[in-house]
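Structure data follow from entry.pdb (PDB, C-alpha atoms):
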ATOM      1  CA  MET Z   1     -61.231 -27.442 -62.029
ATOM      2  CA  LYS Z   2     -60.328 -28.380 -58.469
ATOM      3  CA  GLN Z   3     -62.828 -27.896 -55.721
ATOM      4  CA  PRO Z   4     -61.561 -26.279 -52.530
ATOM      5  CA  ARG Z   5     -60.973 -28.729 -49.772
ATOM      6  CA  ASP Z   6     -62.480 -28.177 -46.351
ATOM      7  CA  SER Z   7     -59.696 -27.364 -43.973
ATOM      8  CA  SER Z   8     -59.783 -28.984 -40.595
ATOM      9  CA  PRO Z   9     -57.730 -28.114 -37.513
ATOM     10  CA  SER Z  10     -55.564 -31.190 -38.087
ATOM     11  CA  ASP Z  11     -54.510 -29.798 -41.509
ATOM     12  CA  ALA Z  12     -53.203 -26.561 -39.998
ATOM     13  CA  PRO Z  13     -49.435 -26.118 -39.704
ATOM     14  CA  LEU Z  14     -47.896 -26.412 -36.258
ATOM     15  CA  GLY Z  15     -47.440 -22.660 -35.845
ATOM     16  CA  LEU Z  16     -51.138 -21.840 -36.237
ATOM     17  CA  MET Z  17     -52.507 -24.041 -33.466
ATOM     18  CA  ASP Z  18     -52.004 -22.579 -30.027
ATOM     19  CA  THR Z  19     -51.399 -24.690 -26.993
ATOM     20  CA  PRO Z  20     -53.783 -24.412 -24.036
ATOM     21  CA  ALA Z  21     -51.008 -22.672 -22.083
ATOM     22  CA  ALA Z  22     -50.601 -20.038 -24.829
ATOM     23  CA  ARG Z  23     -54.347 -19.435 -24.795
ATOM     24  CA  LEU Z  24     -54.238 -19.106 -21.008
ATOM     25  CA  GLU Z  25     -51.470 -16.508 -21.296
ATOM     26  CA  ARG Z  26     -53.673 -14.395 -23.570
ATOM     27  CA  VAL Z  27     -56.667 -14.756 -21.245
ATOM     28  CA  LEU Z  28     -54.608 -13.811 -18.178
ATOM     29  CA  ALA Z  29     -53.182 -10.765 -19.966
ATOM     30  CA  GLY Z  30     -56.679  -9.822 -21.145
ATOM     31  CA  VAL Z  31     -58.017 -10.011 -17.592
ATOM     32  CA  MET Z  32     -55.012  -8.397 -15.926
ATOM     33  CA  ILE Z  33     -54.922  -5.221 -18.051
ATOM     34  CA  PRO Z  34     -58.512  -4.088 -17.292
ATOM     35  CA  VAL Z  35     -58.166  -5.094 -13.639
ATOM     36  CA  LEU Z  36     -54.991  -3.010 -13.339
ATOM     37  CA  PHE Z  37     -56.846  -0.113 -14.954
ATOM     38  CA  LEU Z  38     -59.713  -0.493 -12.453
ATOM     39  CA  THR Z  39     -57.180  -0.684  -9.612
ATOM     40  CA  ALA Z  40     -55.617   2.574 -10.799
ATOM     41  CA  LEU Z  41     -59.066   4.201 -10.863
ATOM     42  CA  ALA Z  42     -59.820   2.908  -7.352
ATOM     43  CA  LEU Z  43     -56.508   4.327  -6.128
ATOM     44  CA  ALA Z  44     -57.252   7.686  -7.778
ATOM     45  CA  GLU Z  45     -60.718   7.853  -6.190
ATOM     46  CA  GLY Z  46     -59.360   6.928  -2.762
ATOM     47  CA  ARG Z  47     -61.193   3.607  -2.488
ATOM     48  CA  ILE Z  48     -57.851   1.855  -2.017
ATOM     49  CA  GLU Z  49     -55.132   3.395   0.144
ATOM     50  CA  ILE Z  50     -51.636   2.004   0.123
ATOM     51  CA  PHE Z  51     -49.700   4.609   2.100
ATOM     52  CA  GLY Z  52     -50.948   6.677   4.995
ATOM     53  CA  CYS Z  53     -53.782   4.343   5.905
ATOM     54  CA  THR Z  54     -54.550   5.108   9.556
ATOM     55  CA  GLY Z  55     -57.624   4.328  11.631
ATOM     56  CA  THR Z  56     -60.747   5.904  10.129
ATOM     57  CA  ALA Z  57     -59.140   6.507   6.723
ATOM     58  CA  CYS Z  58     -58.891   2.753   6.202
ATOM     59  CA  ALA Z  59     -62.435   2.174   7.434
ATOM     60  CA  THR Z  60     -63.937   4.450   4.767
ATOM     61  CA  ALA Z  61     -62.189   2.609   1.935
ATOM     62  CA  SER Z  62     -64.183  -0.239   0.433
ATOM     63  CA  GLN Z  63     -62.834  -3.660   1.345
ATOM     64  CA  ARG Z  64     -64.250  -5.094  -1.887
ATOM     65  CA  ALA Z  65     -61.921  -2.820  -3.838
ATOM     66  CA  LEU Z  66     -58.982  -4.825  -2.475
ATOM     67  CA  ALA Z  67     -60.138  -7.755  -4.624
ATOM     68  CA  LEU Z  68     -58.988  -5.893  -7.741
ATOM     69  CA  PRO Z  69     -55.276  -5.798  -6.856
ATOM     70  CA  ALA Z  70     -55.509  -9.396  -5.611
ATOM     71  CA  ILE Z  71     -56.927 -10.567  -8.962
ATOM     72  CA  ALA Z  72     -54.276  -8.578 -10.820
ATOM     73  CA  LEU Z  73     -51.519 -10.162  -8.716
ATOM     74  CA  LEU Z  74     -52.902 -13.672  -9.320
ATOM     75  CA  CYS Z  75     -53.001 -13.035 -13.069
ATOM     76  CA  LEU Z  76     -49.461 -11.658 -12.972
ATOM     77  CA  LEU Z  77     -48.264 -14.679 -10.996
ATOM     78  CA  GLY Z  78     -49.861 -17.036 -13.532
ATOM     79  CA  LEU Z  79     -48.265 -15.152 -16.428
ATOM     80  CA  VAL Z  80     -44.833 -15.238 -14.796
ATOM     81  CA  ILE Z  81     -45.099 -18.983 -14.132
ATOM     82  CA  LEU Z  82     -46.169 -19.651 -17.728
ATOM     83  CA  ARG Z  83     -43.395 -17.455 -19.165
ATOM     84  CA  PHE Z  84     -40.621 -19.062 -17.107
ATOM     85  CA  SER Z  85     -41.841 -22.583 -17.860
ATOM     86  CA  ARG Z  86     -41.827 -22.157 -21.659
ATOM     87  CA  ASP Z  87     -38.408 -23.757 -22.166
ATOM     88  CA  ARG Z  88     -39.008 -26.758 -19.914
ATOM     89  CA  SER Z  89     -40.134 -30.132 -21.178
ATOM     90  CA  HIS Z  90     -43.769 -31.141 -20.749
ATOM     91  CA  GLY Z  91     -44.499 -32.164 -17.184
ATOM     92  CA  GLY Z  92     -41.667 -30.123 -15.704
ATOM     93  CA  ALA Z  93     -43.692 -26.968 -15.033
ATOM     94  CA  PRO Z  94     -46.112 -26.308 -12.161
ATOM     95  CA  LEU Z  95     -49.166 -25.677 -14.375
ATOM     96  CA  ASP Z  96     -48.602 -28.561 -16.829
ATOM     97  CA  ARG Z  97     -51.078 -30.715 -14.947
ATOM     98  CA  TRP Z  98     -53.902 -28.349 -15.881
ATOM     99  CA  PHE Z  99     -52.713 -26.488 -19.000
ATOM    100  CA  SER Z 100     -50.617 -28.378 -21.532
ATOM    101  CA  ARG Z 101     -47.800 -26.620 -23.366
ATOM    102  CA  GLU Z 102     -47.556 -29.326 -26.036
ATOM    103  CA  GLN Z 103     -48.510 -28.704 -29.656
ATOM    104  CA  GLU Z 104     -51.759 -30.397 -30.671
ATOM    105  CA  PRO Z 105     -50.248 -33.224 -32.791
ATOM    106  CA  ILE Z 106     -47.790 -34.147 -30.040
ATOM    107  CA  MET Z 107     -50.498 -33.992 -27.369
ATOM    108  CA  ARG Z 108     -52.875 -36.062 -29.516
ATOM    109  CA  GLU Z 109     -50.173 -38.704 -30.038
ATOM    110  CA  ARG Z 110     -49.407 -38.872 -26.291
ATOM    111  CA  LEU Z 111     -53.094 -39.125 -25.372
ATOM    112  CA  GLU Z 112     -53.680 -41.880 -27.954
ATOM    113  CA  GLU Z 113     -50.749 -43.802 -26.495
ATOM    114  CA  GLU Z 114     -52.146 -43.400 -22.972
ATOM    115  CA  ARG Z 115     -55.571 -44.512 -24.182
ATOM    116  CA  PHE Z 116     -54.138 -47.655 -25.799
ATOM    117  CA  GLU Z 117     -52.185 -48.460 -22.629
ATOM    118  CA  ALA Z 118     -55.326 -48.025 -20.533
ATOM    119  CA  ALA Z 119     -57.282 -50.237 -22.951
ATOM    120  CA  ASP Z 120     -54.562 -52.910 -22.729
ATOM    121  CA  GLU Z 121     -54.677 -52.798 -18.929
ATOM    122  CA  GLY Z 122     -58.461 -53.122 -18.998
ATOM    123  CA  LEU Z 123     -58.228 -56.019 -21.457
ATOM    124  CA  SER Z 124     -55.657 -57.880 -19.359
ATOM    125  CA  SER Z 125     -57.738 -57.461 -16.201
ATOM    126  CA  LYS Z 126     -60.836 -58.745 -18.007
ATOM    127  CA  TRP Z 127     -58.827 -61.669 -19.369
ATOM    128  CA  ALA Z 128     -57.587 -62.522 -15.857
ATOM    129  CA  GLU Z 129     -61.147 -62.302 -14.549
ATOM    130  CA  LEU Z 130     -62.387 -64.648 -17.290
ATOM    131  CA  GLU Z 131     -59.575 -67.098 -16.556
ATOM    132  CA  ARG Z 132     -60.355 -67.024 -12.832
ATOM    133  CA  ASP Z 133     -64.042 -67.715 -13.519
ATOM    134  CA  SER Z 134     -63.211 -70.655 -15.800
ATOM    135  CA  LEU Z 135     -60.811 -72.106 -13.194
ATOM    136  CA  GLU Z 136     -63.449 -71.754 -10.486
ATOM    137  CA  LYS Z 137     -65.968 -73.559 -12.688
ATOM    138  CA  ARG Z 138     -63.464 -76.293 -13.534
ATOM    139  CA  PHE Z 139     -62.529 -76.884  -9.875
ATOM    140  CA  GLY Z 140     -66.194 -76.713  -8.887
ATOM    141  CA  GLU Z 141     -67.061 -79.468 -11.398
ATOM    142  CA  GLU Z 142     -64.215 -81.724 -10.195
ATOM    143  CA  GLU Z 143     -65.413 -81.702  -6.580
TER     144      GLU Z 143
END
Show me the file's structure as structure tokens.
Amino acid sequence: MKQPRDSSPSDAPLGLMDTPAARLERVLAGVMIPVLFLTALALAEGRIEIFGCTGTACATASQRALALPAIALLCLLGLVILRFSRDRSHGGAPLDRWFSREQEPIMRERLEEERFEAADEGLSSKWAELERDSLEKRFGEEE
């Protein structure tokens, strides 16, 4: 009888692992919906006035309530940017620097390659430093 194998995230098929950008889309949508609801409530209660805001009517409205539509607009802007950048290659979208759209295996491969390149650069600089030290010692002994 076979024993069940522990499944790890690396064993999951490509479709099951979300990219950081896909997770961000869900978070932005999850924040934007309640904030839009709160904005609608603030509009209904008169805490935010869009039209007909004159003099004292604007002064009675809470200025902190204006943060709600601002947050909703920022979330909407982030969602729009992420949606329009879906079909671009990695690195071609404005938010790629912070939120990768690559699948995990592809991202892992790219990061491993970058790590090896960085290790090679560090090794070559250490080798050059060692060579310089040995040359300095050799020329110091000859004098």
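Across the structure, CA of Phe84 in chain Z and CA of Asp18 in chain Z are spaced 17.6 Å apart.
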Residues picked by the PyMOL selection byres ((chain Z and resi 73-82) around 10) here, as a tab-separated table (two decimals) with C-alpha atoms, in the coordinates of the input?
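Contents of selection_34.tsv, as written:
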chain	number	residue	atom	x	y	z
Z	21	ALA	CA	-51.01	-22.67	-22.08
Z	22	ALA	CA	-50.60	-20.04	-24.83
Z	24	LEU	CA	-54.24	-19.11	-21.01
Z	25	GLU	CA	-51.47	-16.51	-21.30
Z	26	ARG	CA	-53.67	-14.40	-23.57
Z	27	VAL	CA	-56.67	-14.76	-21.24
Z	28	LEU	CA	-54.61	-13.81	-18.18
Z	29	ALA	CA	-53.18	-10.76	-19.97
Z	30	GLY	CA	-56.68	-9.82	-21.14
Z	31	VAL	CA	-58.02	-10.01	-17.59
Z	32	MET	CA	-55.01	-8.40	-15.93
Z	33	ILE	CA	-54.92	-5.22	-18.05
Z	35	VAL	CA	-58.17	-5.09	-13.64
Z	36	LEU	CA	-54.99	-3.01	-13.34
Z	67	ALA	CA	-60.14	-7.76	-4.62
Z	68	LEU	CA	-58.99	-5.89	-7.74
Z	69	PRO	CA	-55.28	-5.80	-6.86
Z	70	ALA	CA	-55.51	-9.40	-5.61
Z	71	ILE	CA	-56.93	-10.57	-8.96
Z	72	ALA	CA	-54.28	-8.58	-10.82
Z	83	ARG	CA	-43.40	-17.45	-19.16
Z	84	PHE	CA	-40.62	-19.06	-17.11
Z	85	SER	CA	-41.84	-22.58	-17.86
Z	86	ARG	CA	-41.83	-22.16	-21.66
Z	87	ASP	CA	-38.41	-23.76	-22.17
Z	93	ALA	CA	-43.69	-26.97	-15.03
Z	94	PRO	CA	-46.11	-26.31	-12.16
Z	95	LEU	CA	-49.17	-25.68	-14.38
Z	96	ASP	CA	-48.60	-28.56	-16.83
Z	99	PHE	CA	-52.71	-26.49	-19.00
Z	101	ARG	CA	-47.80	-26.62	-23.37
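With only C-alpha atoms as the atoms that count, the residue of Z:Leu38, Z:Leu43, Z:Glu102, Z:Glu49 with the shortest distance to Pro20 in chain Z is Z:Glu102.
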Exercise for the section: Find the distance between CA of Leu66 in chain Z and CA of Ile48 in chain Z and write it in Å to one decimal. Expected result: 6.8 Å
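Taking CA of Leu111 in chain Z as the reference point, CA of Glu129 in chain Z is found at 26.8 Å.
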